[in-house]
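One file, my_file.csv, is given below (CSV, C-alpha atoms and all ligand atoms).
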chain,number,residue,atom,x,y,z
E,1,MET,CA,112.7,78.0,75.4
E,2,LYS,CA,116.4,78.2,75.9
E,3,THR,CA,117.8,81.6,76.6
E,4,GLU,CA,120.2,81.4,73.6
E,5,LYS,CA,117.3,80.7,71.3
E,6,LYS,CA,115.3,83.6,72.8
E,7,MET,CA,118.2,85.9,72.2
E,8,LYS,CA,118.5,84.7,68.6
E,9,ARG,CA,114.8,85.4,68.1
E,10,LEU,CA,115.1,88.8,69.7
E,11,PHE,CA,117.9,89.6,67.4
E,12,ARG,CA,115.9,88.6,64.3
E,13,GLY,CA,112.8,90.4,65.6
E,14,LEU,CA,114.8,93.6,66.0
E,15,ALA,CA,116.8,93.2,62.7
E,16,ALA,CA,114.0,94.6,60.7
E,17,LEU,CA,113.9,97.7,62.8
E,18,PHE,CA,117.5,98.7,62.3
E,19,LEU,CA,116.6,100.1,58.9
E,20,CYS,CA,114.1,102.4,60.5
E,21,GLY,CA,116.4,104.3,62.8
E,22,THR,CA,118.5,103.8,65.9
E,23,LEU,CA,116.9,101.5,68.4
E,24,LEU,CA,117.1,102.6,72.0
E,25,THR,CA,115.3,99.8,74.0
E,26,GLY,CA,113.0,101.0,76.8
E,27,CYS,CA,113.6,104.7,76.6
E,28,ALA,CA,111.5,107.8,75.8
E,29,VAL,CA,113.1,110.8,74.2
E,30,PRO,CA,111.2,114.1,74.6
E,31,GLY,CA,110.3,115.8,71.3
E,32,GLY,CA,107.9,118.5,70.1
E,33,THR,CA,104.3,119.0,71.1
E,34,GLY,CA,101.7,116.7,69.5
E,35,SER,CA,98.3,117.7,68.3
E,36,THR,CA,96.7,116.0,71.3
E,37,GLY,CA,98.2,118.8,73.3
E,38,SER,CA,100.5,116.4,75.2
E,39,LYS,CA,104.2,116.2,74.3
E,40,GLU,CA,105.4,114.1,71.5
E,41,GLN,CA,108.0,111.5,72.6
E,42,HIS,CA,110.1,108.7,71.2
E,43,TYR,CA,109.3,105.3,72.6
E,44,THR,CA,110.9,101.9,72.0
E,45,GLY,CA,110.4,98.6,73.8
E,46,ALA,CA,110.3,94.9,73.3
E,47,HIS,CA,108.6,92.0,75.1
E,48,LEU,CA,108.0,88.3,74.6
E,49,CYS,CA,104.5,87.4,73.4
E,50,MET,CA,102.9,84.5,71.6
E,51,GLY,CA,106.3,82.7,71.8
E,52,THR,CA,108.2,85.4,69.9
E,53,VAL,CA,109.5,88.9,70.2
E,54,PHE,CA,107.1,91.9,69.9
E,55,SER,CA,108.7,95.3,69.6
E,56,ALA,CA,107.9,98.9,68.7
E,57,ASP,CA,109.8,102.0,67.8
E,58,LEU,CA,107.3,104.9,67.9
E,59,THR,CA,107.1,108.7,68.0
E,60,SER,CA,103.8,109.6,69.7
E,61,SER,CA,101.9,112.1,71.6
E,62,GLN,CA,99.7,109.4,72.9
E,63,GLU,CA,100.5,108.4,76.5
E,64,ASP,CA,102.8,105.4,77.0
E,65,PRO,CA,102.1,103.4,73.8
E,66,ILE,CA,104.6,100.7,74.7
E,67,THR,CA,102.6,99.7,77.9
E,68,THR,CA,99.3,99.9,75.9
E,69,LEU,CA,100.8,97.5,73.3
E,70,THR,CA,102.2,95.1,75.8
E,71,GLU,CA,98.9,94.9,77.7
E,72,MET,CA,96.9,94.5,74.5
E,73,GLY,CA,99.3,91.7,73.2
E,74,ASN,CA,99.1,89.8,76.5
E,75,ALA,CA,95.3,90.1,76.6
E,76,LEU,CA,95.0,88.9,73.0
E,77,GLU,CA,97.3,85.9,73.8
E,78,GLN,CA,95.1,85.1,76.8
E,79,THR,CA,92.1,84.8,74.3
E,80,ILE,CA,93.6,83.1,71.2
E,81,SER,CA,96.4,80.8,72.4
E,82,TYR,CA,95.4,77.2,72.6
E,83,ARG,CA,98.4,76.7,74.9
E,84,ILE,CA,96.7,78.8,77.7
E,85,ASP,CA,94.1,76.6,79.5
E,86,THR,CA,91.9,79.5,80.3
E,87,SER,CA,91.8,81.0,76.7
E,88,GLU,CA,88.6,81.1,74.6
E,89,ILE,CA,90.4,78.9,72.0
E,90,ALA,CA,91.3,76.3,74.6
E,91,ALA,CA,87.6,76.2,75.7
E,92,ILE,CA,86.5,75.7,72.1
E,93,ASN,CA,89.0,72.9,71.7
E,94,ALA,CA,87.8,71.3,74.9
E,95,SER,CA,84.3,71.3,73.5
E,96,ALA,CA,85.2,69.3,70.4
E,97,GLY,CA,82.7,66.6,69.8
E,98,ASP,CA,80.0,68.2,71.9
E,99,PRO,CA,76.8,68.3,69.8
E,100,GLU,CA,75.8,71.5,71.7
E,101,GLY,CA,78.9,73.3,70.4
E,102,TYR,CA,80.4,76.2,72.2
E,103,PRO,CA,79.4,79.9,72.4
E,104,VAL,CA,82.0,82.0,70.6
E,105,SER,CA,82.5,85.8,71.2
E,106,GLU,CA,81.5,88.1,68.4
E,107,GLU,CA,85.1,89.3,67.8
E,108,LEU,CA,86.5,85.7,67.6
E,109,ALA,CA,83.6,84.6,65.4
E,110,GLU,CA,84.5,87.3,62.9
E,111,THR,CA,88.1,86.3,63.0
E,112,LEU,CA,87.3,82.6,62.5
E,113,GLU,CA,84.9,83.4,59.6
E,114,LYS,CA,87.7,85.2,57.8
E,115,ALA,CA,90.2,82.4,58.6
E,116,LEU,CA,87.8,79.8,57.2
E,117,GLU,CA,87.2,82.0,54.1
E,118,ILE,CA,91.0,82.0,53.4
E,119,SER,CA,91.1,78.3,54.0
E,120,GLU,CA,88.4,77.9,51.3
E,121,LYS,CA,90.1,80.3,48.9
E,122,SER,CA,93.5,78.6,49.3
E,123,SER,CA,92.0,75.2,48.8
E,124,GLY,CA,93.0,74.2,52.4
E,125,ALA,CA,96.7,75.4,52.1
E,126,PHE,CA,95.9,77.6,55.1
E,127,ASP,CA,94.0,75.7,57.7
E,128,PRO,CA,93.3,77.0,61.3
E,129,THR,CA,92.3,73.5,62.4
E,130,LEU,CA,95.8,71.9,62.4
E,131,GLY,CA,96.1,71.8,66.2
E,132,ALA,CA,96.3,68.0,66.4
E,133,LEU,CA,99.1,68.0,63.9
E,134,THR,CA,101.0,71.0,65.3
E,135,THR,CA,100.9,69.6,68.9
E,136,LEU,CA,102.1,66.2,67.6
E,137,TRP,CA,105.0,67.7,65.7
E,138,LYS,CA,105.9,70.0,68.6
E,139,LEU,CA,108.3,71.9,66.4
E,140,ASP,CA,108.6,74.8,68.8
E,141,GLU,CA,110.0,72.5,71.5
E,142,GLY,CA,112.1,70.7,68.8
E,143,ALA,CA,113.6,74.0,67.6
E,144,ALA,CA,114.5,74.9,71.2
E,145,ASP,CA,116.1,71.6,72.0
E,146,PRO,CA,116.9,69.7,68.8
E,147,GLU,CA,119.1,67.1,70.4
E,148,HIS,CA,116.2,65.6,72.4
E,149,TYR,CA,113.6,65.9,69.6
E,150,ASN,CA,111.9,62.7,68.2
E,151,LEU,CA,110.2,62.8,64.9
E,152,PRO,CA,106.6,61.6,65.0
E,153,ALA,CA,105.8,58.3,63.3
E,154,ARG,CA,104.0,58.2,59.9
E,155,GLU,CA,100.9,56.5,61.5
E,156,GLU,CA,100.7,59.2,64.2
E,157,ILE,CA,100.8,61.9,61.6
E,158,GLU,CA,98.1,60.1,59.6
E,159,SER,CA,95.8,59.8,62.7
E,160,ALA,CA,96.4,63.5,63.6
E,161,ARG,CA,95.7,64.6,60.0
E,162,ASN,CA,92.3,62.8,60.2
E,163,LEU,CA,91.4,65.1,63.1
E,164,CYS,CA,92.1,68.2,61.0
E,165,GLY,CA,90.1,69.9,58.2
E,166,TYR,CA,88.5,73.3,58.0
E,167,GLN,CA,85.5,71.9,56.1
E,168,LYS,CA,84.4,70.0,59.2
E,169,VAL,CA,84.0,73.2,61.3
E,170,ARG,CA,80.5,74.7,61.7
E,171,LEU,CA,80.1,78.3,62.9
E,172,GLU,CA,76.4,79.1,63.3
E,173,GLU,CA,74.4,81.7,65.3
E,174,GLY,CA,77.2,82.5,67.7
E,175,ARG,CA,78.2,78.9,68.3
E,176,ILE,CA,81.1,76.8,67.0
E,177,TYR,CA,81.0,73.1,66.5
E,178,LEU,CA,84.2,71.0,66.2
E,179,PRO,CA,84.3,67.3,65.5
E,180,ALA,CA,85.8,65.1,68.3
E,181,GLY,CA,89.6,65.5,68.6
E,182,MET,CA,89.8,68.6,66.4
E,183,ARG,CA,91.9,71.5,67.8
E,184,LEU,CA,92.1,75.0,66.5
E,185,ASP,CA,95.6,76.6,66.2
E,186,LEU,CA,95.6,80.3,65.3
E,187,GLY,CA,99.4,80.4,65.3
E,188,ALA,CA,99.5,81.6,61.6
E,189,ILE,CA,97.3,84.6,62.3
E,190,GLY,CA,97.8,85.7,65.9
E,191,LYS,CA,100.4,88.3,65.1
E,192,GLY,CA,98.3,89.7,62.3
E,193,ILE,CA,95.3,90.1,64.6
E,194,TYR,CA,97.6,91.9,67.1
E,195,LEU,CA,98.7,94.3,64.3
E,196,ASN,CA,95.1,95.0,63.3
E,197,ARG,CA,94.4,95.9,67.0
E,198,ALA,CA,97.5,98.1,67.2
E,199,LYS,CA,96.4,99.8,64.0
E,200,LEU,CA,93.0,100.7,65.5
E,201,LEU,CA,94.7,102.0,68.6
E,202,PHE,CA,97.4,104.1,66.9
E,203,GLU,CA,96.7,104.9,63.3
E,204,GLY,CA,96.1,108.7,62.9
E,205,PRO,CA,98.1,111.9,63.1
E,206,TYR,CA,99.5,111.3,66.6
E,207,THR,CA,101.8,108.3,66.2
E,208,ARG,CA,104.4,107.4,63.6
E,209,GLY,CA,106.8,104.4,63.6
E,210,ILE,CA,107.0,100.6,63.4
E,211,ILE,CA,105.3,97.9,65.4
E,212,SER,CA,106.8,94.4,65.0
E,213,ALA,CA,105.3,91.0,66.0
E,214,GLY,CA,107.6,88.1,65.1
E,215,GLY,CA,107.5,87.9,61.3
E,216,SER,CA,104.8,90.6,60.9
E,217,ILE,CA,105.2,94.4,60.9
E,218,LEU,CA,102.9,97.4,60.9
E,219,THR,CA,104.0,100.8,59.7
E,220,LEU,CA,102.4,104.0,61.0
E,221,GLY,CA,102.7,107.4,59.4
E,222,GLN,CA,105.8,108.5,57.6
E,223,LYS,CA,109.5,108.2,58.6
E,224,GLY,CA,110.8,111.6,59.8
E,225,GLU,CA,109.0,115.0,60.0
E,226,PRO,CA,107.8,117.0,56.9
E,227,PRO,CA,109.3,118.2,54.7
E,228,GLU,CA,111.9,115.4,55.1
E,229,SER,CA,109.5,112.6,55.7
E,230,ALA,CA,109.8,109.5,53.6
E,231,PRO,CA,108.4,105.9,53.4
E,232,TRP,CA,109.7,103.2,55.8
E,233,ASN,CA,112.4,100.8,54.7
E,234,ILE,CA,111.5,97.3,56.1
E,235,GLY,CA,114.3,94.8,56.1
E,236,ILE,CA,113.6,91.3,54.8
E,237,THR,CA,115.3,88.4,56.6
E,238,ASN,CA,117.6,86.5,54.4
E,239,PRO,CA,116.1,83.0,54.2
E,240,LEU,CA,119.5,81.5,53.3
E,241,ASP,CA,121.2,83.2,56.3
E,242,PRO,CA,118.4,84.2,58.8
E,243,ASP,CA,120.7,86.2,61.0
E,244,GLY,CA,121.0,88.8,58.3
E,245,LEU,CA,118.9,90.7,55.8
E,246,CYS,CA,118.8,90.1,52.0
E,247,GLY,CA,117.2,93.4,51.1
E,248,MET,CA,114.4,95.8,52.0
E,249,ILE,CA,111.0,96.9,50.8
E,250,GLU,CA,109.8,100.5,50.8
E,251,VAL,CA,106.5,100.9,52.5
E,252,ARG,CA,104.1,103.8,53.3
E,253,GLY,CA,102.3,104.2,56.6
E,254,GLY,CA,99.3,102.0,57.5
E,255,MET,CA,100.6,98.8,55.9
E,256,CYS,CA,101.1,95.3,57.3
E,257,ILE,CA,104.0,93.1,56.1
E,258,SER,CA,104.2,89.4,57.0
E,259,THR,CA,106.9,86.9,56.1
E,260,SER,CA,106.6,83.1,56.4
E,261,GLY,CA,109.7,81.0,55.9
E,262,ASP,CA,111.2,77.6,56.8
E,263,TYR,CA,114.0,79.2,58.8
E,264,GLU,CA,111.9,80.3,61.8
E,265,ARG,CA,111.5,77.1,63.8
E,266,TYR,CA,112.9,73.9,62.7
E,267,VAL,CA,114.8,70.7,63.4
E,268,GLU,CA,117.2,69.0,60.9
E,269,ARG,CA,117.5,65.2,60.6
E,270,ASP,CA,119.5,63.4,58.0
E,271,GLY,CA,119.7,66.6,55.9
E,272,VAL,CA,116.0,67.2,55.9
E,273,ARG,CA,114.6,70.4,57.5
E,274,TYR,CA,111.4,69.8,59.5
E,275,HIS,CA,110.0,73.2,60.1
E,276,HIS,CA,106.8,74.8,61.5
E,277,ILE,CA,104.7,75.4,58.4
E,278,LEU,CA,102.8,72.2,57.6
E,279,ASP,CA,101.2,71.1,54.4
E,280,PRO,CA,97.6,70.1,55.5
E,281,ALA,CA,97.5,67.8,52.5
E,282,THR,CA,100.3,65.5,53.7
E,283,GLY,CA,100.6,66.4,57.4
E,284,TYR,CA,104.3,67.0,57.0
E,285,PRO,CA,106.3,70.3,56.9
E,286,VAL,CA,106.1,71.9,53.4
E,287,SER,CA,108.9,70.9,51.1
E,288,SER,CA,109.4,74.0,48.9
E,289,PRO,CA,111.9,75.5,46.4
E,290,TYR,CA,111.1,78.8,48.2
E,291,GLY,CA,112.8,80.0,51.4
E,292,SER,CA,110.3,82.6,52.3
E,293,VAL,CA,107.1,84.4,51.1
E,294,THR,CA,106.4,88.1,52.1
E,295,ILE,CA,102.9,89.7,51.8
E,296,LEU,CA,102.2,93.4,52.0
E,297,CYS,CA,98.6,94.7,52.4
E,298,VAL,CA,96.5,97.0,54.6
E,299,ASN,CA,95.2,94.3,57.0
E,300,GLY,CA,97.4,92.3,59.4
E,301,LEU,CA,95.2,89.2,59.7
E,302,LEU,CA,95.3,89.0,55.9
E,303,SER,CA,99.0,89.6,55.5
E,304,ASP,CA,99.7,87.0,58.2
E,305,ALA,CA,97.2,84.4,56.9
E,306,LEU,CA,98.3,84.9,53.3
E,307,SER,CA,102.0,84.6,54.0
E,308,THR,CA,101.4,81.2,55.5
E,309,ALA,CA,98.9,80.2,52.8
E,310,CYS,CA,101.1,81.3,49.9
E,311,TYR,CA,104.2,79.7,51.4
E,312,VAL,CA,102.3,76.3,51.3
E,313,MET,CA,100.8,77.0,47.9
E,314,ALA,CA,104.0,78.2,46.2
E,315,ALA,CA,105.7,74.9,46.9
E,316,THR,CA,103.7,73.3,44.1
E,317,ASP,CA,102.1,76.2,42.3
E,318,PRO,CA,103.7,79.7,42.7
E,319,GLU,CA,101.3,81.2,40.1
E,320,ARG,CA,98.3,80.3,42.2
E,321,ALA,CA,100.0,81.7,45.3
E,322,ILE,CA,100.4,85.0,43.5
E,323,GLU,CA,96.8,84.9,42.3
E,324,LEU,CA,95.5,84.3,45.8
E,325,ALA,CA,97.5,87.3,47.1
E,326,HIS,CA,96.2,89.5,44.3
E,327,SER,CA,92.6,88.4,44.9
E,328,TYR,CA,93.0,90.1,48.4
E,329,GLU,CA,94.7,93.2,46.9
E,330,ALA,CA,97.9,92.1,48.5
E,331,GLN,CA,101.5,92.3,47.0
E,332,ILE,CA,103.7,89.3,47.2
E,333,LEU,CA,107.4,88.5,47.2
E,334,LEU,CA,108.8,84.9,46.9
E,335,ILE,CA,112.5,84.2,47.5
E,336,ASP,CA,113.9,80.9,46.3
E,337,ARG,CA,116.8,78.9,47.5
E,338,GLU,CA,119.2,80.7,45.2
E,339,GLY,CA,118.0,84.1,46.4
E,340,ASN,CA,116.0,84.8,43.2
E,341,THR,CA,112.8,86.8,43.7
E,342,THR,CA,109.4,86.5,42.0
E,343,GLY,CA,106.2,88.6,42.5
E,344,ASP,CA,105.1,92.2,42.3
E,345,LEU,CA,106.7,93.3,45.6
E,346,LYS,CA,110.1,94.6,44.8
E,347,LEU,CA,113.1,93.7,47.0
E,348,LEU,CA,115.5,96.7,47.1
E,349,LYS,CA,119.2,96.6,47.8
E,350,LEU,CA,120.3,97.5,51.3
E,351,PRO,CA,121.8,100.9,51.7
E,401,LIG,P1,103.5,81.7,60.2
E,401,LIG,O1,104.8,81.7,60.9
E,401,LIG,O2,102.7,82.9,60.3
E,401,LIG,O3,103.6,81.2,58.8
E,401,LIG,O4,102.6,80.6,61.0
E,401,LIG,C1,103.0,79.3,61.3
E,401,LIG,C2,102.3,78.8,62.4
E,401,LIG,O5,100.9,78.5,62.0
E,401,LIG,C3,102.8,77.4,62.9
E,401,LIG,O6,103.7,77.5,64.0
E,401,LIG,C4,101.5,76.6,63.3
E,401,LIG,O7,101.1,77.0,64.6
E,401,LIG,C5,100.5,77.2,62.3
E,401,LIG,N1,100.5,76.5,61.0
E,401,LIG,C6,101.4,75.7,60.4
E,401,LIG,N2,101.0,75.3,59.2
E,401,LIG,C7,99.9,75.9,58.9
E,401,LIG,C8,99.0,75.9,57.8
E,401,LIG,N3,99.2,75.3,56.7
E,401,LIG,N4,97.8,76.7,57.9
E,401,LIG,C9,97.5,77.4,59.1
E,401,LIG,N5,98.3,77.4,60.1
E,401,LIG,C10,99.5,76.7,60.1
E,402,MG,MG,101.2,83.7,59.0
Could the structure of this file be written out as structure tokens, please?
Amino acid sequence: MKTEKKMKRLFRGLAALFLCGTLLTGCAVPGGTGSTGSKEQHYTGAHLCMGTVFSADLTSSQEDPITTLTEMGNALEQTISYRIDTSEIAAINASAGDPEGYPVSEELAETLEKALEISEKSSGAFDPTLGALTTLWKLDEGAADPEHYNLPAREEIESARNLCGYQKVRLEEGRIYLPAGMRLDLGAIGKGIYLNRAKLLFEGPYTRGIISAGGSILTLGQKGEPPESAPWNIGITNPLDPDGLCGMIEVRGGMCISTSGDYERYVERDGVRYHHILDPATGYPVSSPYGSVTILCVNGLLSDALSTACYVMAATDPERAIELAHSYEAQILLIDREGNTTGDLKLLKLP
């Protein structure tokens, strides 16, 4: 990815954190004594992971949370990225068509079961088997170098679409069976899985702050110390002008917030925006009256999967997208092309 693009993404990744307090990259500021007995310190840091910026701004008495997060993120990417040849997902993809299937780890099996359940409940709007399509579209590369990007041909899209389809996956007794040519792509849930792991590592009395992974954020504890503590204000990227924010949402600790939008990675040709969220029903990027969909709930995998699923569904049926979010006890915010909002998650004015 070009440096300029990386910097832009770094800026966007950090924009949400500005509302939470001053960001001092890579430093630890000594504070009071935490309940673990060790000193409470302020830590901030950012690193590139899963093709985007992961960052954290934490006050913790746990030892070096930034290194713990960086190592955990890298290890997770080594397991779930189809782009890394040695990952478990790459091995599963390489086994496609093998009647013996492939042994899948318990943790990944659980994740895939949940992903397939959301595929079912969203009638295929969310589909973790779109790898053949996403590798054909190459929108990551296109967004990084739009001048040299070539749109795939309709016939290529149709052939790739025939290799996709969550209904064709079998997950039985610790083995996964993919039909020939199918490729899993967990790009829509990777960041959410990371936030769930971060929550397990840090939720509790010893850490408060914000952990951000691309378009997904985890809040821990309260902002500030009692009696002045308050909920977190999370900035929402303006889908009409993604370098800025269009408002904020107020969030208590222990919550995951994910936003999916057509402004993240895209190429424009003849006035059409080809972006990274694909409609599994057509094989093309979703064409929607909405610029973004934000989901708030307690679980990162859910918030991440639902933001993608609801972005796809809302293009044709916003009521069903809202129903899907509510069926998982998640709150939802849809922002249209005029900046109007729908849903039960309130967008507050910036201070
Ligand atoms: P997100 O930014 O979380 O909405 O996820 C988008 C990423 O998920 C894309 O870059 C693709 O790798 C993958 N993806 C695209 N469309 C879909 C879809 N309809 N269902 C599941 N994953 C998708
Ligand atoms: Mg997602």
Nearest candidate to E:Lys346 (options E:Thr308, E:Ala321, E:Ser212, E:Ile236; using all atoms listed in the file):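 Checking each candidate against E:Lys346, we get E:Ile236 as the closest.
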Excluding E:Ile210 and its own-chain neighbours fewer than 5 positions away, which residues fall within 7 Å of it when counting only C-alpha atoms? Please give them as a ChimeraX atom specification. /E:56-58,217-220
Pick from E:Glu203, E:Glu158, E:Glu71, E:Asp64 nearest to E:Leu48, counting all atoms listed in the file: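 Using all atoms listed in the file, the shortest distance to E:Leu48 belongs to E:Glu71.
The smallest atom-to-atom distance between ligand MG 402 (chain E) and any of E:Ile335, E:Leu348, E:Leu130, E:Ile295, using all atoms listed in the file, is found for E:Ile295.
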Got a sec: who's within 9 Å of E:Gly192, counting all atoms listed in the file, leaving out chain neighbours fewer than 2 positions off, as a PyMOL selection string? chain E and resi 188-190+194-197+213+216-217+256+258+299-305
E:Leu306 surroundings by only C-alpha atoms, 8 Å radius, close-in-sequence under 6 positions cut, as a PDB file with C-alpha atoms, keeping the file's coordinate frame:
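Now in result.pdb:
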ATOM      1  CA  ILE E 118      91.000  82.000  53.400  1.00  0.00           C
ATOM      2  CA  PHE E 126      95.900  77.600  55.100  1.00  0.00           C
ATOM      3  CA  ILE E 295     102.900  89.700  51.800  1.00  0.00           C
ATOM      4  CA  ALA E 325      97.500  87.300  47.100  1.00  0.00           C
TER       5      ALA E 325
END
With ligand LIG 401 (chain E) as the partner and 7 Å as the cut-off, tabulate the residues of chain E that qualify, each row holding the nearest pair of atoms and their distance in Å to one decimal, using only C-alpha atoms and all ligand atoms, sorted by chain and rising number, as a tab-separated table.
residue	atom	partner	partner_atom	distance
E:Ala125	CA	E:LIG401	N3	5.2
E:Phe126	CA	E:LIG401	N4	3.5
E:Asp127	CA	E:LIG401	N4	3.9
E:Pro128	CA	E:LIG401	C9	4.8
E:Leu130	CA	E:LIG401	N5	6.5
E:Thr134	CA	E:LIG401	C4	6.0
E:Asp185	CA	E:LIG401	O7	5.7
E:Leu186	CA	E:LIG401	O7	6.5
E:Gly187	CA	E:LIG401	O7	3.9
E:Ala188	CA	E:LIG401	O4	3.3
E:Ile189	CA	E:LIG401	O2	6.0
E:Gly215	CA	E:LIG401	O1	6.8
E:Ser260	CA	E:LIG401	O3	4.3
E:Gly261	CA	E:LIG401	O3	6.8
E:His276	CA	E:LIG401	O6	4.8
E:Ile277	CA	E:LIG401	N2	3.8
E:Leu278	CA	E:LIG401	N2	3.9
E:Asp279	CA	E:LIG401	N3	5.2
E:Pro280	CA	E:LIG401	N3	5.6
E:Asp304	CA	E:LIG401	O2	5.5
E:Ala305	CA	E:LIG401	O2	6.6
E:Ser307	CA	E:LIG401	O3	6.1
E:Thr308	CA	E:LIG401	O3	4.0
E:Ala309	CA	E:LIG401	N3	6.3
E:Val312	CA	E:LIG401	N3	6.3
Using all atoms listed in the file, which protein or nucleic acid residues come within 10 Å of E:Glu329? Drop anything in the same chain fewer than 5 positions from it, and give the result as a short mmCIF file (atom, residue, chain, number, x, y, z; two decimals) with C-alpha atoms, in the frame of the given file.
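Here's the written file around26.cif:
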data_model
loop_
_atom_site.label_atom_id
_atom_site.label_comp_id
_atom_site.auth_asym_id
_atom_site.auth_seq_id
_atom_site.Cartn_x
_atom_site.Cartn_y
_atom_site.Cartn_z
CA LEU E 296 102.20 93.40 52.00
CA CYS E 297 98.60 94.70 52.40
CA VAL E 298 96.50 97.00 54.60
CA LEU E 302 95.30 89.00 55.90
CA GLU E 323 96.80 84.90 42.30
CA LEU E 324 95.50 84.30 45.80
#
Quick one: pull the distance between atom CA of E:Gly174 and atom CA of E:Glu113, Å, one decimal. 11.2 Å
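A straight line drawn from atom CA of E:Tyr328 to atom CA of E:Glu264 is 25.2 Å long.
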Minimum-distance residue to ligand MG 402 (chain E), chosen among E:Leu69, E:Leu136, E:Ala115, E:Ala281 (using all atoms listed in the file):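 Of E:Leu69, E:Leu136, E:Ala115, E:Ala281, the one nearest ligand MG 402 (chain E) is E:Ala115, counting all atoms listed in the file.
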With only C-alpha atoms and all ligand atoms as the basis for distance, which of E:Asp317, E:Val272, E:Thr259, E:Ser288 is at the shortest distance from ligand MG 402 (chain E)?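 Smallest distance to ligand MG 402 (chain E) is found for E:Thr259.
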As an exercise, work out the distance from atom CA of E:Gly254 to atom CA of E:Gln222 in Å and give it to one decimal place. 9.2 Å
Mind filling out stretch 292-305 of chain E with N, CA and C atoms and sending it as a PDB file, in the frame of the given file?
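Okay, this is what ended up in selection-v4.pdb:
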ATOM      1  N   SER E 292     111.235  81.802  51.546  1.00  0.00           N
ATOM      2  CA  SER E 292     110.300  82.600  52.300  1.00  0.00           C
ATOM      3  C   SER E 292     109.267  83.278  51.289  1.00  0.00           C
ATOM      4  N   VAL E 293     108.129  83.679  51.869  1.00  0.00           N
ATOM      5  CA  VAL E 293     107.100  84.400  51.100  1.00  0.00           C
ATOM      6  C   VAL E 293     106.725  85.636  51.992  1.00  0.00           C
ATOM      7  N   THR E 294     106.746  86.820  51.375  1.00  0.00           N
ATOM      8  CA  THR E 294     106.400  88.100  52.100  1.00  0.00           C
ATOM      9  C   THR E 294     105.125  88.636  51.446  1.00  0.00           C
ATOM     10  N   ILE E 295     104.208  89.107  52.284  1.00  0.00           N
ATOM     11  CA  ILE E 295     102.900  89.700  51.800  1.00  0.00           C
ATOM     12  C   ILE E 295     102.837  91.120  52.375  1.00  0.00           C
ATOM     13  N   LEU E 296     102.400  92.037  51.534  1.00  0.00           N
ATOM     14  CA  LEU E 296     102.200  93.400  52.000  1.00  0.00           C
ATOM     15  C   LEU E 296     100.719  93.797  51.643  1.00  0.00           C
ATOM     16  N   CYS E 297      99.969  94.236  52.648  1.00  0.00           N
ATOM     17  CA  CYS E 297      98.600  94.700  52.400  1.00  0.00           C
ATOM     18  C   CYS E 297      98.161  95.584  53.591  1.00  0.00           C
ATOM     19  N   VAL E 298      96.932  96.069  53.560  1.00  0.00           N
ATOM     20  CA  VAL E 298      96.500  97.000  54.600  1.00  0.00           C
ATOM     21  C   VAL E 298      96.044  96.309  55.900  1.00  0.00           C
ATOM     22  N   ASN E 299      95.833  94.995  55.829  1.00  0.00           N
ATOM     23  CA  ASN E 299      95.200  94.300  57.000  1.00  0.00           C
ATOM     24  C   ASN E 299      96.181  93.222  57.507  1.00  0.00           C
ATOM     25  N   GLY E 300      96.403  93.244  58.828  1.00  0.00           N
ATOM     26  CA  GLY E 300      97.400  92.300  59.400  1.00  0.00           C
ATOM     27  C   GLY E 300      96.933  90.883  59.417  1.00  0.00           C
ATOM     28  N   LEU E 301      95.649  90.631  59.692  1.00  0.00           N
ATOM     29  CA  LEU E 301      95.200  89.200  59.700  1.00  0.00           C
ATOM     30  C   LEU E 301      95.397  88.667  58.267  1.00  0.00           C
ATOM     31  N   LEU E 302      95.093  89.475  57.251  1.00  0.00           N
ATOM     32  CA  LEU E 302      95.300  89.000  55.900  1.00  0.00           C
ATOM     33  C   LEU E 302      96.727  88.785  55.532  1.00  0.00           C
ATOM     34  N   SER E 303      97.610  89.763  55.877  1.00  0.00           N
ATOM     35  CA  SER E 303      99.000  89.600  55.500  1.00  0.00           C
ATOM     36  C   SER E 303      99.569  88.334  56.178  1.00  0.00           C
ATOM     37  N   ASP E 304      99.192  88.107  57.443  1.00  0.00           N
ATOM     38  CA  ASP E 304      99.700  87.000  58.200  1.00  0.00           C
ATOM     39  C   ASP E 304      99.168  85.641  57.621  1.00  0.00           C
ATOM     40  N   ALA E 305      97.849  85.590  57.408  1.00  0.00           N
ATOM     41  CA  ALA E 305      97.200  84.400  56.900  1.00  0.00           C
ATOM     42  C   ALA E 305      97.773  84.072  55.470  1.00  0.00           C
TER      43      ALA E 305
END
